[in-house]
Amino acid sequence: MRGDALRARNQAHLWQVAQAHGSFTVHELSGAAKRSVDYVRAELRGWQADGFVEKAGKRGMSILWRVTEAPGAPVTATGSRTPEERMWFALRKAGGVFSAADLAMWTNTDEVPVSVDDAQAYCRLLLRAGYVRCEIKADGRGRMASYRLIQNTGPRAPVERRVRAVWDPNTEDFKLHSGRVS
Amino acid sequence: MTRSSQINNTLAPLRNVLAFRTMLQRLDDRSAGLTGMGCFYGPAGFGKTMASIYSANARGACLVQCESTWTVKTLCLVILEELGLKPARTTPEMSRQIQQALAQDDIPLIVDEADFLVSKKSVEILRDIYEKSGVPVILVGEEALPSKLRRWERIHSRMLERVAAEPLDDEDFGHLVAIRCPDVAISQDLAAAIKLASKGSARLIVNNLDTVRLRAAQLGGKGEMALADLGGIGLHDGTPPQMRRFG
């Protein structure tokens with residue numbers, strides 16, 4: 001919820017700067033808006049897909065972007081939660097034992113579809129990470145696995161990320177990069 | 001059944017879910033001057049919590065479920081935690097934080113198991129939050145909730161809607177069958193038996209449909225189920241077992 005509002009504000013800011021400049025390279029926009037190059041690049045990809053910006057040749061070695069005449073402004077869907085956020089929300093609130101079918105039933109909407117398979121994948125992810133415990137195992141003959149939430153860490157949904165880490169053979173443990181995690 | 005039909009089988013058409021979403025929508029769209037608190041009440045098992053979770057997700061609302069031990073401070077702490085904010089130290093400060101956060105991002109507040117609050121005057125703080133933020137505030141609770149709320153005149157007068165959860169009807173039953181047993185055709189006698197045993201309770205219907213689906217799978221993926229196919233398996237009817245007598 002808060003994250004959405006923040007995302008929307010960031011995007012509105014970037015869009016304002018982009019409009020003021022008209023045409024720009026990624027690095028120029030990043031410098032002018034004081035946002036990271038990666039963030040600007042990601043936003044530009046989205047805007048390009050929605051037709052708000054287009055490539056307009058090159059400036060030096062970099063691609064030059066230009067704001068198109070398209071009406072309106074890019075919007076982030078505020079208030080609309082991702083499937084993972086919806087599932088995490090539902091399983092935290094419902095309490096007790098649940099199966100992937102339950103989770104899909106609680107969260108599936110026409111706007112954001114969640115299939116039983118999606119729910120199953122998310123349950124497995126939570127199980128691997130130790131957020132849920134498997135109460136009843138699937139028997140392969142129709143009975144679905146049932147889970148119970150054992151680590152309710154807060155309102156924001158855990159998601160899978162790829163991270164770079166350093167392996168320390170002495171402690172036999174991974175250390176996440178303390179800097180930016182990509 | 002095809003995959004696409006499975007995906008579109010959502011809870012949205014269930015009458016209680018629909019009623020809840022309609023109430024939230026009406027509170028959202030209310031014209032200036034109208035009050036913006038709502039109340040959703042009904043016996044356990046009718047799917048009140050399910051409806052509130054579903055609607056909160058769809059609308060992006062803040063949902064808290066009260067517990068019997070909660071004080072006013074706990075309520076504030078939990079709401080702030082749900083909003084992802086660091087709570088201030090005192091209750092009045094926290095109350096202000098909540099008001100600002102809800103108003104700023106236009107997040108409705110839904111309070112489940114509100115019966116626990118009613119007995120403790122904690123409802124007053126919900127009224128404060130509603131008054132200052134202007135966002136819809138919905139209390140969800142047991143059958144007696146509206147009459148309990150009547151004791152607090154200030155809350156009572158700010159209720160725009162009081163919506164009752166209804167027992168599930170045949171249409172709802174059909175929707176739940178499509179969601180829980182998409183690959184099994186249920187015969188008339190079995191459907192009647194399930195409806196009779198479940199007494200309109202969403203929880204029991206879902207339980208019983210799961211029993212049927214499991215039984216169908218155990219019979220080698222049977223596509224049609226009749227009452228006789230259940231064998232010795234009984235349907236859940238929510239009654240506790242009879243007391244046994246020995247000797």
# chains A, B, ... in the order shown; residues from 1 in each chain; ligands from 1
>>> select_by_dssp(residues="stretch 88-155 of chain B", states="helix (DSSP H, G or I)", output="ChimeraX atom specification")
/B:91-105,115-118,123-133,145-149,153-155
>>> select_by_dssp(residues="stretch 45-151 of chain A", states="strand (DSSP E or B)", output="ChimeraX atom specification")
/A:53-59,62-67,97-99,132-136,146-149
>>> interface_residues(of="chain A", to="chain B", cutoff="7 Å", atoms="only C-alpha atoms", output="NGL selection string")
:A and (1-2 or 5 or 79-81 or 86 or 90 or 105-110 or 113 or 115 or 141-143 or 155)
>>> closest_residue(among="A:Lys58, A:Arg161, A:Arg124, A:Lys93", to="B:Cys66", atoms="only C-alpha atoms")
A:Lys93
>>> atom_distance(atom1="atom CA of B:Thr35", atom2="atom CA of B:Val135")
10.0 Å
>>> residues_around(residues="stretch 43-46 of chain B", least_positions_apart="2", cutoff="6 Å", atoms="only C-alpha atoms", output="PyMOL selection string")
chain B and resi 48+142-143+201-203
>>> closest_residue(among="A:Pro83, A:Asn170, A:Arg148, A:Leu6", to="A:Val114", atoms="only C-alpha atoms")
A:Pro83
>>> closest_residue(among="B:Leu235, B:Ile194, B:Leu24, B:Leu209", to="B:Ile138", atoms="only C-alpha atoms")
B:Leu24
>>> atom_distance(atom1="atom CA of B:Met243", atom2="atom CA of A:Val97")
27.3 Å
>>> atom_distance(atom1="atom CA of B:Ile125", atom2="atom CA of A:Gln151")
29.4 Å
>>> residues_around(residues="A:Phe52", least_positions_apart="6", cutoff="7 Å", atoms="only C-alpha atoms", output="JSON, numbers by chain")
{"A": [67, 68, 70]}
